[in-house]
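Asker: Following this line is start30.tsv, made up of TSV, C-alpha atoms:
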```
chain	number	residue	atom	x	y	z
A	175	MET	CA	-24.43	-5.13	-5.77
A	176	ILE	CA	-21.19	-3.27	-5.02
A	177	SER	CA	-21.19	0.37	-6.14
A	178	LYS	CA	-18.56	1.09	-8.78
A	179	THR	CA	-18.53	4.82	-8.02
A	180	LEU	CA	-15.00	6.19	-7.67
A	181	ARG	CA	-14.98	8.82	-4.96
A	182	ARG	CA	-11.88	9.67	-2.97
A	183	ARG	CA	-11.14	12.46	-0.48
A	184	GLY	CA	-14.11	14.51	-1.65
A	185	PHE	CA	-13.46	14.16	-5.40
A	186	ASP	CA	-15.98	12.46	-7.71
A	187	LEU	CA	-13.93	10.55	-10.27
A	188	GLY	CA	-16.50	8.68	-12.34
A	189	THR	CA	-17.14	4.96	-12.23
A	190	ALA	CA	-15.06	1.81	-12.47
A	191	PRO	CA	-16.10	-0.42	-15.35
A	192	THR	CA	-16.41	-4.17	-15.00
A	193	ILE	CA	-12.93	-5.44	-15.87
A	194	GLU	CA	-12.03	-8.99	-16.90
A	195	ASN	CA	-8.53	-8.55	-15.45
A	196	ARG	CA	-6.89	-10.63	-18.18
A	197	SER	CA	-3.45	-10.19	-19.69
A	198	GLU	CA	-1.82	-11.71	-22.75
A	199	LEU	CA	1.59	-11.40	-21.09
A	200	SER	CA	2.94	-14.01	-18.67
A	201	ASP	CA	3.28	-13.11	-14.99
A	202	LEU	CA	7.06	-13.28	-15.36
A	203	ARG	CA	7.03	-10.88	-18.33
A	204	ARG	CA	4.71	-8.45	-16.56
A	205	TRP	CA	6.91	-8.44	-13.46
A	206	HIS	CA	10.07	-7.72	-15.44
A	207	ASN	CA	8.23	-4.98	-17.34
A	208	GLY	CA	7.35	-3.29	-14.04
A	209	GLN	CA	3.65	-4.08	-14.52
A	210	PRO	CA	1.25	-5.34	-11.83
A	211	VAL	CA	0.64	-9.08	-11.60
A	212	LEU	CA	-2.90	-10.06	-10.59
A	213	LEU	CA	-3.34	-13.40	-8.80
A	214	THR	CA	-7.09	-13.94	-8.83
A	215	GLY	CA	-8.29	-15.94	-5.82
A	216	GLN	CA	-4.72	-16.53	-4.64
A	217	CYS	CA	-5.55	-16.34	-0.93
A	218	ALA	CA	-9.28	-17.17	-1.03
A	219	ALA	CA	-8.81	-20.61	0.55
A	220	TYR	CA	-7.23	-19.04	3.65
A	221	LEU	CA	-9.97	-16.51	4.46
A	222	LYS	CA	-12.29	-18.96	6.20
A	223	LYS	CA	-9.44	-20.33	8.32
A	224	HIS	CA	-8.61	-16.82	9.52
A	225	HIS	CA	-12.19	-15.60	9.90
A	226	ASN	CA	-11.88	-15.08	13.68
A	227	ASN	CA	-8.53	-13.30	13.36
A	228	ILE	CA	-9.92	-10.96	10.71
A	229	GLU	CA	-12.93	-10.17	12.92
A	230	GLN	CA	-10.60	-9.56	15.89
A	231	THR	CA	-8.64	-7.06	13.80
A	232	GLU	CA	-11.87	-5.31	12.82
A	233	ASP	CA	-12.61	-4.97	16.57
A	234	LEU	CA	-9.19	-3.35	17.00
A	235	VAL	CA	-9.96	-0.88	14.22
A	236	ARG	CA	-13.30	0.01	15.83
A	237	ALA	CA	-11.46	0.64	19.09
A	238	VAL	CA	-8.94	2.92	17.36
A	239	LEU	CA	-11.76	4.82	15.63
A	240	ALA	CA	-13.38	5.23	19.06
A	241	GLU	CA	-10.06	6.80	20.20
A	242	ASP	CA	-9.07	3.93	22.49
A	243	ALA	CA	-5.32	3.62	22.97
A	244	CYS	CA	-3.87	0.89	20.78
A	245	ASP	CA	-1.33	0.03	23.47
A	246	ASP	CA	-4.14	-0.62	25.97
A	247	VAL	CA	-5.93	-2.95	23.55
A	248	LEU	CA	-2.72	-4.92	22.90
A	249	ALA	CA	-2.19	-5.32	26.67
A	250	ASP	CA	-5.32	-7.47	26.87
A	251	THR	CA	-6.50	-10.86	25.57
A	252	PRO	CA	-5.87	-12.24	22.96
A	253	TYR	CA	-2.94	-9.99	22.05
A	254	LEU	CA	-0.99	-10.23	25.30
A	255	GLU	CA	-0.78	-14.02	25.15
A	256	ARG	CA	0.56	-13.90	21.58
A	257	LEU	CA	3.07	-11.13	22.26
A	258	GLU	CA	4.64	-12.16	25.53
A	259	PRO	CA	7.15	-13.31	26.57
A	260	LYS	CA	9.02	-12.57	23.33
A	261	PHE	CA	7.69	-9.07	22.63
A	262	ILE	CA	7.43	-6.67	25.56
A	263	SER	CA	5.62	-3.37	25.09
A	264	LEU	CA	7.45	-0.27	26.30
A	265	GLY	CA	4.34	1.84	25.91
A	266	SER	CA	3.32	4.18	23.14
A	267	SER	CA	4.31	7.57	21.78
A	268	PHE	CA	2.79	10.19	19.53
A	269	ASN	CA	4.74	12.31	17.05
A	270	GLU	CA	3.15	15.76	17.06
A	271	GLY	CA	5.11	16.58	13.90
A	272	ASP	CA	3.22	13.91	11.94
A	273	PRO	CA	-0.49	14.82	11.73
A	274	GLN	CA	-1.30	11.45	10.16
A	275	GLU	CA	0.12	9.43	13.05
A	276	ILE	CA	-2.40	8.02	15.54
A	277	GLU	CA	-0.06	6.10	17.83
A	278	MET	CA	3.26	4.24	17.81
A	279	VAL	CA	3.60	1.25	20.13
A	280	ILE	CA	7.23	0.34	20.86
A	281	PHE	CA	8.54	-3.13	21.71
A	282	ASP	CA	11.68	-4.92	22.81
A	283	ALA	CA	12.26	-8.44	21.53
A	284	MET	CA	13.39	-10.84	24.26
A	285	ASN	CA	15.10	-14.20	24.57
A	286	GLY	CA	14.34	-15.05	28.17
A	287	LYS	CA	15.66	-12.08	30.15
A	288	GLU	CA	17.99	-10.96	27.35
A	289	ILE	CA	16.98	-8.12	25.04
A	290	ILE	CA	17.80	-9.23	21.48
A	291	ALA	CA	16.34	-6.21	19.64
A	292	GLU	CA	15.17	-2.75	20.61
A	293	ASP	CA	12.91	-0.13	19.01
A	294	LEU	CA	10.61	-2.47	17.13
A	295	TRP	CA	7.29	-0.74	16.56
A	296	LEU	CA	3.75	-0.80	15.31
A	297	LYS	CA	2.50	2.55	14.01
A	298	ALA	CA	-1.18	3.29	13.45
A	299	SER	CA	-1.73	6.15	10.98
A	300	TRP	CA	-4.46	7.81	8.95
A	301	LEU	CA	-4.08	7.54	5.18
A	302	SER	CA	-5.13	11.13	4.52
A	303	PHE	CA	-6.14	14.40	6.16
A	304	HIS	CA	-9.66	14.39	4.71
A	305	ASP	CA	-12.40	14.54	7.38
A	306	ASP	CA	-14.61	11.98	5.64
A	307	ASP	CA	-11.80	9.47	5.06
A	308	VAL	CA	-11.22	7.12	8.01
A	309	SER	CA	-8.86	4.86	6.07
A	310	LEU	CA	-5.95	3.80	8.23
A	311	ARG	CA	-3.02	1.43	8.37
A	312	PHE	CA	-0.92	-0.47	10.90
A	313	ARG	CA	2.74	-0.52	9.88
A	314	PHE	CA	5.57	-2.55	11.42
A	315	SER	CA	9.24	-1.65	11.34
A	316	PHE	CA	12.04	-0.51	13.66
A	317	GLY	CA	14.39	2.36	14.46
A	318	ILE	CA	13.83	5.94	13.35
A	319	ASP	CA	10.94	5.98	10.91
A	320	LEU	CA	11.77	7.22	7.40
A	321	GLU	CA	15.43	7.70	8.38
A	322	GLN	CA	16.58	4.14	9.18
A	323	ASP	CA	18.08	2.09	6.35
A	324	VAL	CA	15.92	-0.94	7.14
A	325	ALA	CA	17.66	-3.11	4.54
A	326	SER	CA	20.91	-2.86	6.50
A	327	ASP	CA	19.50	-4.75	9.49
A	328	PRO	CA	17.79	-7.95	8.28
A	329	GLU	CA	17.65	-9.40	11.82
A	330	ARG	CA	15.50	-6.56	13.16
A	331	GLN	CA	13.50	-6.59	9.93
A	332	ALA	CA	12.71	-10.24	10.55
A	333	LEU	CA	11.76	-9.60	14.17
A	334	ALA	CA	9.46	-6.71	13.18
A	335	ALA	CA	7.83	-9.11	10.71
A	336	GLU	CA	7.42	-11.70	13.48
A	337	LEU	CA	5.87	-9.00	15.66
A	338	SER	CA	3.27	-8.33	12.96
A	339	GLU	CA	2.28	-11.99	12.98
A	340	ALA	CA	1.82	-11.94	16.76
A	341	VAL	CA	-0.54	-8.96	16.54
A	342	PHE	CA	-2.21	-9.97	13.28
A	343	PRO	CA	-2.13	-13.79	12.84
A	344	GLU	CA	-3.91	-13.39	9.49
A	345	SER	CA	-0.51	-12.28	8.20
A	346	SER	CA	0.13	-15.96	7.51
A	347	ILE	CA	-2.42	-15.72	4.69
A	348	ILE	CA	0.59	-14.41	2.76
A	349	THR	CA	3.54	-15.88	4.62
A	350	ALA	CA	2.28	-19.50	4.81
A	351	ASP	CA	1.05	-19.67	1.21
A	352	ALA	CA	3.34	-22.25	-0.42
A	353	ASN	CA	1.89	-21.60	-3.87
A	354	LEU	CA	2.60	-17.88	-3.58
A	355	ASP	CA	6.11	-18.60	-2.34
A	356	GLU	CA	6.72	-20.91	-5.31
A	357	LYS	CA	5.44	-18.31	-7.78
A	358	LEU	CA	7.62	-15.58	-6.28
A	359	GLU	CA	10.72	-17.78	-6.30
A	360	GLU	CA	10.07	-18.44	-9.99
A	361	ILE	CA	9.67	-14.73	-10.72
A	362	LEU	CA	12.73	-13.89	-8.63
A	363	GLU	CA	14.82	-16.60	-10.31
A	364	GLY	CA	15.16	-18.98	-7.39
A	365	LYS	CA	15.99	-16.47	-4.68
A	366	LYS	CA	14.61	-17.06	-1.19
A	367	VAL	CA	11.61	-14.87	-0.41
A	368	ASN	CA	11.12	-12.93	2.84
A	369	PHE	CA	8.15	-10.71	3.66
A	370	VAL	CA	9.25	-7.57	5.51
A	371	GLU	CA	8.05	-4.02	6.28
A	372	ARG	CA	4.51	-5.23	6.76
A	373	ILE	CA	1.34	-3.13	6.62
A	374	ILE	CA	-2.25	-4.02	7.49
A	375	TYR	CA	-4.54	-1.67	5.54
A	376	PHE	CA	-8.11	-0.55	6.00
A	377	ASN	CA	-9.32	1.37	2.94
A	378	GLY	CA	-12.60	3.07	3.80
A	379	PRO	CA	-15.32	4.67	1.66
A	380	ASN	CA	-14.13	7.96	0.18
A	381	GLY	CA	-10.57	6.87	0.88
A	382	GLY	CA	-7.57	5.17	-0.63
A	383	ALA	CA	-4.04	5.96	-1.72
A	384	TYR	CA	-2.95	8.50	-4.34
A	385	LEU	CA	-0.51	7.45	-7.08
A	386	HIS	CA	2.79	6.54	-5.47
A	387	HIS	CA	5.52	3.90	-5.44
A	388	ASP	CA	7.06	1.78	-2.66
A	389	LEU	CA	10.64	1.76	-3.94
A	390	GLU	CA	13.07	0.98	-1.13
A	391	ARG	CA	16.61	-0.36	-1.20
A	392	GLY	CA	16.76	-4.12	-0.83
A	393	HIS	CA	13.13	-4.75	-1.73
A	394	ALA	CA	12.04	-6.48	-4.93
A	395	GLY	CA	8.41	-5.45	-4.71
A	396	VAL	CA	5.18	-5.67	-2.75
A	397	VAL	CA	2.47	-8.31	-2.38
A	398	PHE	CA	-1.02	-7.04	-1.56
A	399	ALA	CA	-3.79	-9.40	-0.42
A	400	GLN	CA	-7.45	-8.31	-0.25
A	401	LEU	CA	-9.13	-9.96	2.76
A	402	THR	CA	-12.45	-8.13	3.00
A	403	GLY	CA	-14.14	-5.45	0.92
A	404	ARG	CA	-13.23	-4.52	-2.62
A	405	THR	CA	-10.72	-2.09	-4.08
A	406	PHE	CA	-10.09	-0.62	-7.51
A	407	TRP	CA	-6.53	0.08	-8.60
A	408	LEU	CA	-4.67	2.05	-11.19
A	409	ALA	CA	-1.21	0.52	-11.60
A	410	LEU	CA	1.50	1.06	-14.20
A	411	PRO	CA	5.29	1.52	-14.43
A	412	LYS	CA	6.66	5.01	-13.93
A	413	GLN	CA	7.79	5.32	-17.55
A	414	HIS	CA	4.32	4.40	-18.76
A	415	LEU	CA	2.75	6.91	-16.38
A	416	LEU	CA	4.95	9.67	-17.77
A	417	GLU	CA	3.95	8.72	-21.31
A	418	GLU	CA	0.27	8.67	-20.36
A	419	ILE	CA	0.45	12.15	-18.82
A	420	ILE	CA	2.07	13.49	-22.00
A	421	THR	CA	-0.41	11.66	-24.25
A	422	PHE	CA	-3.33	12.98	-22.19
A	423	SER	CA	-2.04	16.54	-22.62
A	424	LYS	CA	-2.06	16.12	-26.40
A	425	SER	CA	-5.49	14.53	-26.67
A	426	HIS	CA	-7.49	16.28	-23.94
A	427	PRO	CA	-7.95	19.84	-22.72
A	428	TRP	CA	-6.77	20.48	-19.17
A	429	PRO	CA	-9.67	19.77	-16.77
A	430	ASP	CA	-11.69	22.81	-15.68
A	431	SER	CA	-10.63	22.36	-12.04
A	432	LEU	CA	-7.06	23.37	-12.93
A	433	THR	CA	-6.55	27.10	-12.51
A	434	LEU	CA	-4.93	29.12	-15.30
A	435	GLU	CA	-1.65	29.05	-13.39
A	436	MET	CA	-1.88	25.27	-12.94
A	437	ARG	CA	-2.56	24.79	-16.67
A	438	ARG	CA	0.48	26.86	-17.54
A	439	GLU	CA	2.60	24.81	-15.17
A	440	MET	CA	1.30	21.52	-16.58
A	441	SER	CA	2.00	22.68	-20.15
A	442	GLU	CA	5.55	23.44	-19.10
A	443	LEU	CA	5.93	20.05	-17.39
A	444	VAL	CA	4.74	17.94	-20.32
A	445	GLY	CA	7.13	19.82	-22.59
A	446	ASP	CA	10.15	18.58	-20.60
A	447	ARG	CA	10.07	14.87	-19.79
A	448	VAL	CA	13.03	15.02	-17.39
A	449	TYR	CA	11.43	17.87	-15.45
A	450	LEU	CA	8.10	16.03	-15.43
A	451	ALA	CA	9.78	12.93	-13.99
A	452	GLU	CA	11.47	15.00	-11.29
A	453	GLN	CA	8.21	16.64	-10.28
A	454	LEU	CA	6.43	13.29	-10.24
A	455	ASP	CA	9.08	11.90	-7.88
A	456	SER	CA	8.84	14.94	-5.63
A	457	PHE	CA	5.25	14.18	-4.56
A	458	SER	CA	4.92	17.91	-3.93
A	459	ASN	CA	3.79	19.52	-7.21
A	460	THR	CA	0.18	20.46	-6.48
A	461	SER	CA	-0.75	20.91	-10.15
A	462	LEU	CA	0.51	17.44	-11.04
A	463	ILE	CA	-0.98	15.84	-7.93
A	464	HIS	CA	-4.37	17.35	-8.71
A	465	LEU	CA	-4.33	16.26	-12.35
A	466	ILE	CA	-3.37	12.62	-11.83
A	467	ASN	CA	-5.29	11.95	-8.60
A	468	GLU	CA	-8.20	14.35	-8.38
A	469	THR	CA	-9.63	14.85	-11.89
A	470	GLU	CA	-12.22	12.54	-13.39
A	471	ALA	CA	-10.87	13.12	-16.90
A	472	PHE	CA	-7.40	11.74	-16.14
A	473	ILE	CA	-8.61	8.87	-13.95
A	474	GLN	CA	-11.03	7.74	-16.66
A	475	PHE	CA	-8.29	8.16	-19.27
A	476	LEU	CA	-6.02	5.73	-17.39
A	477	ILE	CA	-8.89	3.27	-17.02
A	478	ALA	CA	-9.67	3.48	-20.75
A	479	ARG	CA	-5.98	2.84	-21.48
A	480	GLY	CA	-6.17	-0.49	-19.64
A	481	HIS	CA	-4.50	0.36	-16.33
A	482	GLY	CA	-7.43	-0.51	-14.04
A	483	ILE	CA	-7.59	-3.59	-11.79
A	484	GLU	CA	-10.38	-4.68	-9.44
A	485	LEU	CA	-9.63	-6.77	-6.36
A	486	ALA	CA	-12.20	-8.90	-4.55
A	487	PRO	CA	-11.72	-10.77	-1.25
A	488	GLY	CA	-9.18	-13.54	-1.87
A	489	ASP	CA	-7.34	-11.76	-4.69
A	490	SER	CA	-3.67	-10.81	-4.47
A	491	LEU	CA	-1.59	-8.32	-6.44
A	492	LEU	CA	2.19	-8.23	-7.01
A	493	LEU	CA	3.79	-4.82	-7.58
A	494	PRO	CA	7.42	-4.86	-8.79
A	495	GLN	CA	9.52	-2.17	-7.07
A	496	SER	CA	13.12	-3.32	-7.50
A	497	ASP	CA	14.45	-0.23	-9.28
A	498	GLU	CA	13.29	3.08	-10.71
A	499	LYS	CA	12.97	1.71	-14.24
A	500	ARG	CA	10.72	-1.21	-13.20
A	501	CYS	CA	8.89	0.54	-10.39
A	502	CYS	CA	5.11	0.11	-10.54
A	503	TRP	CA	3.21	3.22	-9.45
A	504	HIS	CA	-0.22	2.53	-8.02
A	505	SER	CA	-3.36	4.21	-6.75
A	506	VAL	CA	-6.20	2.67	-4.72
A	507	PHE	CA	-9.94	3.34	-4.36
A	508	CYS	CA	-12.42	1.76	-1.97
A	509	LEU	CA	-15.42	0.27	-3.78
A	510	GLY	CA	-18.75	0.25	-1.95
A	511	GLU	CA	-19.55	1.16	1.64
A	512	GLU	CA	-17.42	-1.48	3.38
A	513	MET	CA	-14.08	-0.62	4.93
A	514	GLY	CA	-11.97	-3.47	3.58
A	515	GLN	CA	-9.00	-5.12	5.26
A	516	ALA	CA	-5.87	-5.97	3.30
A	517	LEU	CA	-2.26	-7.01	3.79
A	518	SER	CA	0.63	-5.25	2.07
A	519	PHE	CA	4.08	-6.80	2.61
A	520	ALA	CA	7.39	-5.84	1.04
A	521	ILE	CA	9.22	-8.68	-0.72
A	522	ARG	CA	12.91	-9.12	0.02
A	523	ALA	CA	14.75	-11.61	-2.19
A	524	ASP	CA	17.93	-13.10	-0.67
```
Can you turn what I pasted into structure tokens?

Answerer:
Amino acid sequence: MISKTLRRRGFDLGTAPTIENRSELSDLRRWHNGQPVLLTGQCAAYLKKHHNNIEQTEDLVRAVLAEDACDDVLADTPYLERLEPKFISLGSSFNEGDPQEIEMVIFDAMNGKEIIAEDLWLKASWLSFHDDDVSLRFRFSFGIDLEQDVASDPERQALAAELSEAVFPESSIITADANLDEKLEEILEGKKVNFVERIIYFNGPNGGAYLHHDLERGHAGVVFAQLTGRTFWLALPKQHLLEEIITFSKSHPWPDSLTLEMRREMSELVGDRVYLAEQLDSFSNTSLIHLINETEAFIQFLIARGHGIELAPGDSLLLPQSDEKRCCWHSVFCLGEEMGQALSFAIRAD
């Protein structure tokens, strides 16, 4: 039986109840409201087909955890045969200014002897700084990370996506799913769907993501597919999250772990909705971060208010991110002792 204990980055946050994961609203209505859309068992039929690929990726993760160079692993079978001759590794780099970065492997895309795209990359990173959290991710993109306007270069976006499929063939669990494509085209009113800015996640015990959004120009949202392991999510639109923080402040005392100064700051924040929204977007207010991510009282409050979702292998989740008003904030917990693999791809609608 999978443990339902919620523990993340050293904080005990209670338990996750058994959730039926049902909604009275249609998927289309939920998407346009900025709410998460659960697709139970959406990719289950593809897991057996990609069993060997998923196991190969787990071997890669074990190598990274053993401090082997990712670039060296990709220079060997079976990766080399899938990468070359189209994707040529230029070696790897390490950004000393980013303590979460493990390694960035840089590629050129080739057409014969002609270089058709430069500075494509795969970046391996830790999800947190906590010593007991070995959660990590492999992210694909191009150019200068966090500075490049990726939406302005759809050709390199497409090539970075193709690179992800060469390294992780299980990516086609999302990209080759005709039923998923049909559902997304319906939600996006007939627009053609492309999966870009791809991430392969490994959420480990005591790990997972704090509340955040993935809003980026040109992207309609994110599709997340659980391949192995189980995760528990809190997901709700930004406007709902603001309301829940304010409601919590009126119905609950501030948790004991907040210092007197933090309580004073939180009381000031909930008294000014605009200021609260600004501080939420900043991702830097330690009082707010602690309350919404690291206190059992608030986590359990959000669960009791119906914002919890549990994902099992084969489940998928759609997170609308098209604009600030309909941007779904989300937080992830690993359930049990298994480090689970998942895919998280941005959705571009053309």

Asker: Which residues of stretch 381-406 of chain A sit at most 12 Å from stretch 196-207 of chain A, using all atoms listed in the file? Give each one's shortest atom pair and distance in Å (one decimal place), in chain and ascending residue order, as a tab-separated table.

Answerer:
```
residue	atom	partner	partner_atom	distance
A:Ala394	CA	A:Trp205	CA	10.1
A:Gly395	CA	A:Trp205	CA	9.4
A:Val396	CA	A:Trp205	CA	11.2
A:Val397	CA	A:Trp205	CA	11.9
```

Asker: Using all atoms listed in the file, find the one residue out of A:Ser309, A:Ser315, A:Ser425, A:Ser461 that sits nearest to A:Glu442.

Answerer: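 Ranked by minimum distance to A:Glu442, first place goes to A:Ser461.
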
Asker: Quick one: contact table of stretch 281-388 of chain A to stretch 233-247 of chain A, 12 Å max, nearest atom pair and distance in Å to one decimal per residue, counting all atoms listed in the file, chain and number order, as a Markdown table?

Answerer:
```
| residue | atom | partner | partner_atom | distance |
| --- | --- | --- | --- | --- |
| A:Phe281 | CA | A:Asp245 | CA | 10.5 |
| A:Trp295 | CA | A:Asp245 | CA | 11.1 |
| A:Leu296 | CA | A:Cys244 | CA | 9.5 |
| A:Lys297 | CA | A:Cys244 | CA | 9.4 |
| A:Ala298 | CA | A:Cys244 | CA | 8.2 |
| A:Ser299 | CA | A:Val238 | CA | 10.2 |
| A:Trp300 | CA | A:Leu239 | CA | 10.3 |
| A:Asp307 | CA | A:Leu239 | CA | 11.5 |
| A:Val308 | CA | A:Leu239 | CA | 8.0 |
| A:Ser309 | CA | A:Leu239 | CA | 10.0 |
| A:Leu310 | CA | A:Val235 | CA | 8.6 |
| A:Arg311 | CA | A:Val235 | CA | 9.4 |
| A:Phe312 | CA | A:Val235 | CA | 9.6 |
| A:Val341 | CA | A:Leu234 | CA | 10.3 |
| A:Phe342 | CA | A:Leu234 | CA | 10.3 |
| A:Ile374 | CA | A:Val235 | CA | 10.7 |
| A:Tyr375 | CA | A:Val235 | CA | 10.3 |
| A:Phe376 | CA | A:Val235 | CA | 8.4 |
| A:Asn377 | CA | A:Val235 | CA | 11.5 |
| A:Gly378 | CA | A:Val235 | CA | 11.5 |
```

Asker: Report, in Å with one decimal, the straight-line distance from atom CA of A:Glu418 to atom CA of A:Leu362.

Answerer: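 Atom-to-atom, atom CA of A:Glu418 to atom CA of A:Leu362, that is 28.3 Å.
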
Asker: Go through A:Val370, A:Leu434, A:Ala291, A:Met440 and flag the residue nearest A:Phe314, using only C-alpha atoms for the distances.

Answerer: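 Looking at the shortest contact to A:Phe314, the residue is A:Val370.
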
Asker: Reconstruct N, CA and C atoms of stretch 258-282 of chain A from the incomplete input and present them as a PDB file, keeping the file's coordinate frame.

Answerer:
```
ATOM      1  N   GLU A 258       3.693 -11.819  24.484  1.00  0.00           N
ATOM      2  CA  GLU A 258       4.640 -12.160  25.530  1.00  0.00           C
ATOM      3  C   GLU A 258       4.877 -13.670  25.590  1.00  0.00           C
ATOM      4  N   PRO A 259       6.082 -14.103  25.976  1.00  0.00           N
ATOM      5  CA  PRO A 259       7.150 -13.310  26.570  1.00  0.00           C
ATOM      6  C   PRO A 259       8.164 -12.733  25.575  1.00  0.00           C
ATOM      7  N   LYS A 260       7.990 -12.990  24.274  1.00  0.00           N
ATOM      8  CA  LYS A 260       9.020 -12.570  23.330  1.00  0.00           C
ATOM      9  C   LYS A 260       9.000 -11.074  23.062  1.00  0.00           C
ATOM     10  N   PHE A 261       7.798 -10.485  22.955  1.00  0.00           N
ATOM     11  CA  PHE A 261       7.690  -9.070  22.630  1.00  0.00           C
ATOM     12  C   PHE A 261       7.074  -8.324  23.818  1.00  0.00           C
ATOM     13  N   ILE A 262       7.852  -7.422  24.385  1.00  0.00           N
ATOM     14  CA  ILE A 262       7.430  -6.670  25.560  1.00  0.00           C
ATOM     15  C   ILE A 262       7.172  -5.213  25.161  1.00  0.00           C
ATOM     16  N   SER A 263       5.965  -4.750  25.421  1.00  0.00           N
ATOM     17  CA  SER A 263       5.620  -3.370  25.090  1.00  0.00           C
ATOM     18  C   SER A 263       6.288  -2.405  26.061  1.00  0.00           C
ATOM     19  N   LEU A 264       6.861  -1.344  25.500  1.00  0.00           N
ATOM     20  CA  LEU A 264       7.450  -0.270  26.300  1.00  0.00           C
ATOM     21  C   LEU A 264       6.513   0.923  26.382  1.00  0.00           C
ATOM     22  N   GLY A 265       5.286   0.741  25.930  1.00  0.00           N
ATOM     23  CA  GLY A 265       4.340   1.840  25.910  1.00  0.00           C
ATOM     24  C   GLY A 265       4.259   2.459  24.526  1.00  0.00           C
ATOM     25  N   SER A 266       3.537   3.553  24.443  1.00  0.00           N
ATOM     26  CA  SER A 266       3.320   4.180  23.140  1.00  0.00           C
ATOM     27  C   SER A 266       3.765   5.632  23.148  1.00  0.00           C
ATOM     28  N   SER A 267       3.929   6.175  21.950  1.00  0.00           N
ATOM     29  CA  SER A 267       4.310   7.570  21.780  1.00  0.00           C
ATOM     30  C   SER A 267       3.478   8.173  20.664  1.00  0.00           C
ATOM     31  N   PHE A 268       3.512   9.489  20.576  1.00  0.00           N
ATOM     32  CA  PHE A 268       2.790  10.190  19.530  1.00  0.00           C
ATOM     33  C   PHE A 268       3.676  11.307  18.997  1.00  0.00           C
ATOM     34  N   ASN A 269       3.893  11.307  17.689  1.00  0.00           N
ATOM     35  CA  ASN A 269       4.740  12.310  17.050  1.00  0.00           C
ATOM     36  C   ASN A 269       3.872  13.498  16.637  1.00  0.00           C
ATOM     37  N   GLU A 270       3.967  14.581  17.360  1.00  0.00           N
ATOM     38  CA  GLU A 270       3.150  15.760  17.060  1.00  0.00           C
ATOM     39  C   GLU A 270       3.521  16.389  15.721  1.00  0.00           C
ATOM     40  N   GLY A 271       4.703  16.048  15.197  1.00  0.00           N
ATOM     41  CA  GLY A 271       5.110  16.580  13.900  1.00  0.00           C
ATOM     42  C   GLY A 271       4.544  15.812  12.725  1.00  0.00           C
ATOM     43  N   ASP A 272       3.833  14.722  12.992  1.00  0.00           N
ATOM     44  CA  ASP A 272       3.220  13.910  11.940  1.00  0.00           C
ATOM     45  C   ASP A 272       1.717  13.882  12.160  1.00  0.00           C
ATOM     46  N   PRO A 273       0.961  14.753  11.491  1.00  0.00           N
ATOM     47  CA  PRO A 273      -0.490  14.820  11.730  1.00  0.00           C
ATOM     48  C   PRO A 273      -1.253  13.580  11.314  1.00  0.00           C
ATOM     49  N   GLN A 274      -0.615  12.678  10.549  1.00  0.00           N
ATOM     50  CA  GLN A 274      -1.300  11.450  10.160  1.00  0.00           C
ATOM     51  C   GLN A 274      -1.108  10.329  11.181  1.00  0.00           C
ATOM     52  N   GLU A 275      -0.139  10.484  12.071  1.00  0.00           N
ATOM     53  CA  GLU A 275       0.120   9.430  13.050  1.00  0.00           C
ATOM     54  C   GLU A 275      -0.970   9.417  14.115  1.00  0.00           C
ATOM     55  N   ILE A 276      -1.446   8.198  14.440  1.00  0.00           N
ATOM     56  CA  ILE A 276      -2.400   8.020  15.540  1.00  0.00           C
ATOM     57  C   ILE A 276      -1.654   7.611  16.800  1.00  0.00           C
ATOM     58  N   GLU A 277      -0.790   6.607  16.663  1.00  0.00           N
ATOM     59  CA  GLU A 277      -0.060   6.100  17.830  1.00  0.00           C
ATOM     60  C   GLU A 277       1.044   5.168  17.362  1.00  0.00           C
ATOM     61  N   MET A 278       2.183   5.203  18.055  1.00  0.00           N
ATOM     62  CA  MET A 278       3.260   4.240  17.810  1.00  0.00           C
ATOM     63  C   MET A 278       3.488   3.454  19.094  1.00  0.00           C
ATOM     64  N   VAL A 279       3.351   2.122  18.996  1.00  0.00           N
ATOM     65  CA  VAL A 279       3.600   1.250  20.130  1.00  0.00           C
ATOM     66  C   VAL A 279       4.976   0.619  19.948  1.00  0.00           C
ATOM     67  N   ILE A 280       5.829   0.735  20.959  1.00  0.00           N
ATOM     68  CA  ILE A 280       7.230   0.340  20.860  1.00  0.00           C
ATOM     69  C   ILE A 280       7.475  -0.941  21.658  1.00  0.00           C
ATOM     70  N   PHE A 281       8.294  -1.832  21.091  1.00  0.00           N
ATOM     71  CA  PHE A 281       8.540  -3.130  21.710  1.00  0.00           C
ATOM     72  C   PHE A 281      10.035  -3.432  21.773  1.00  0.00           C
ATOM     73  N   ASP A 282      10.405  -4.215  22.783  1.00  0.00           N
ATOM     74  CA  ASP A 282      11.680  -4.920  22.810  1.00  0.00           C
ATOM     75  C   ASP A 282      11.419  -6.378  22.494  1.00  0.00           C
TER      76      ASP A 282
END
```
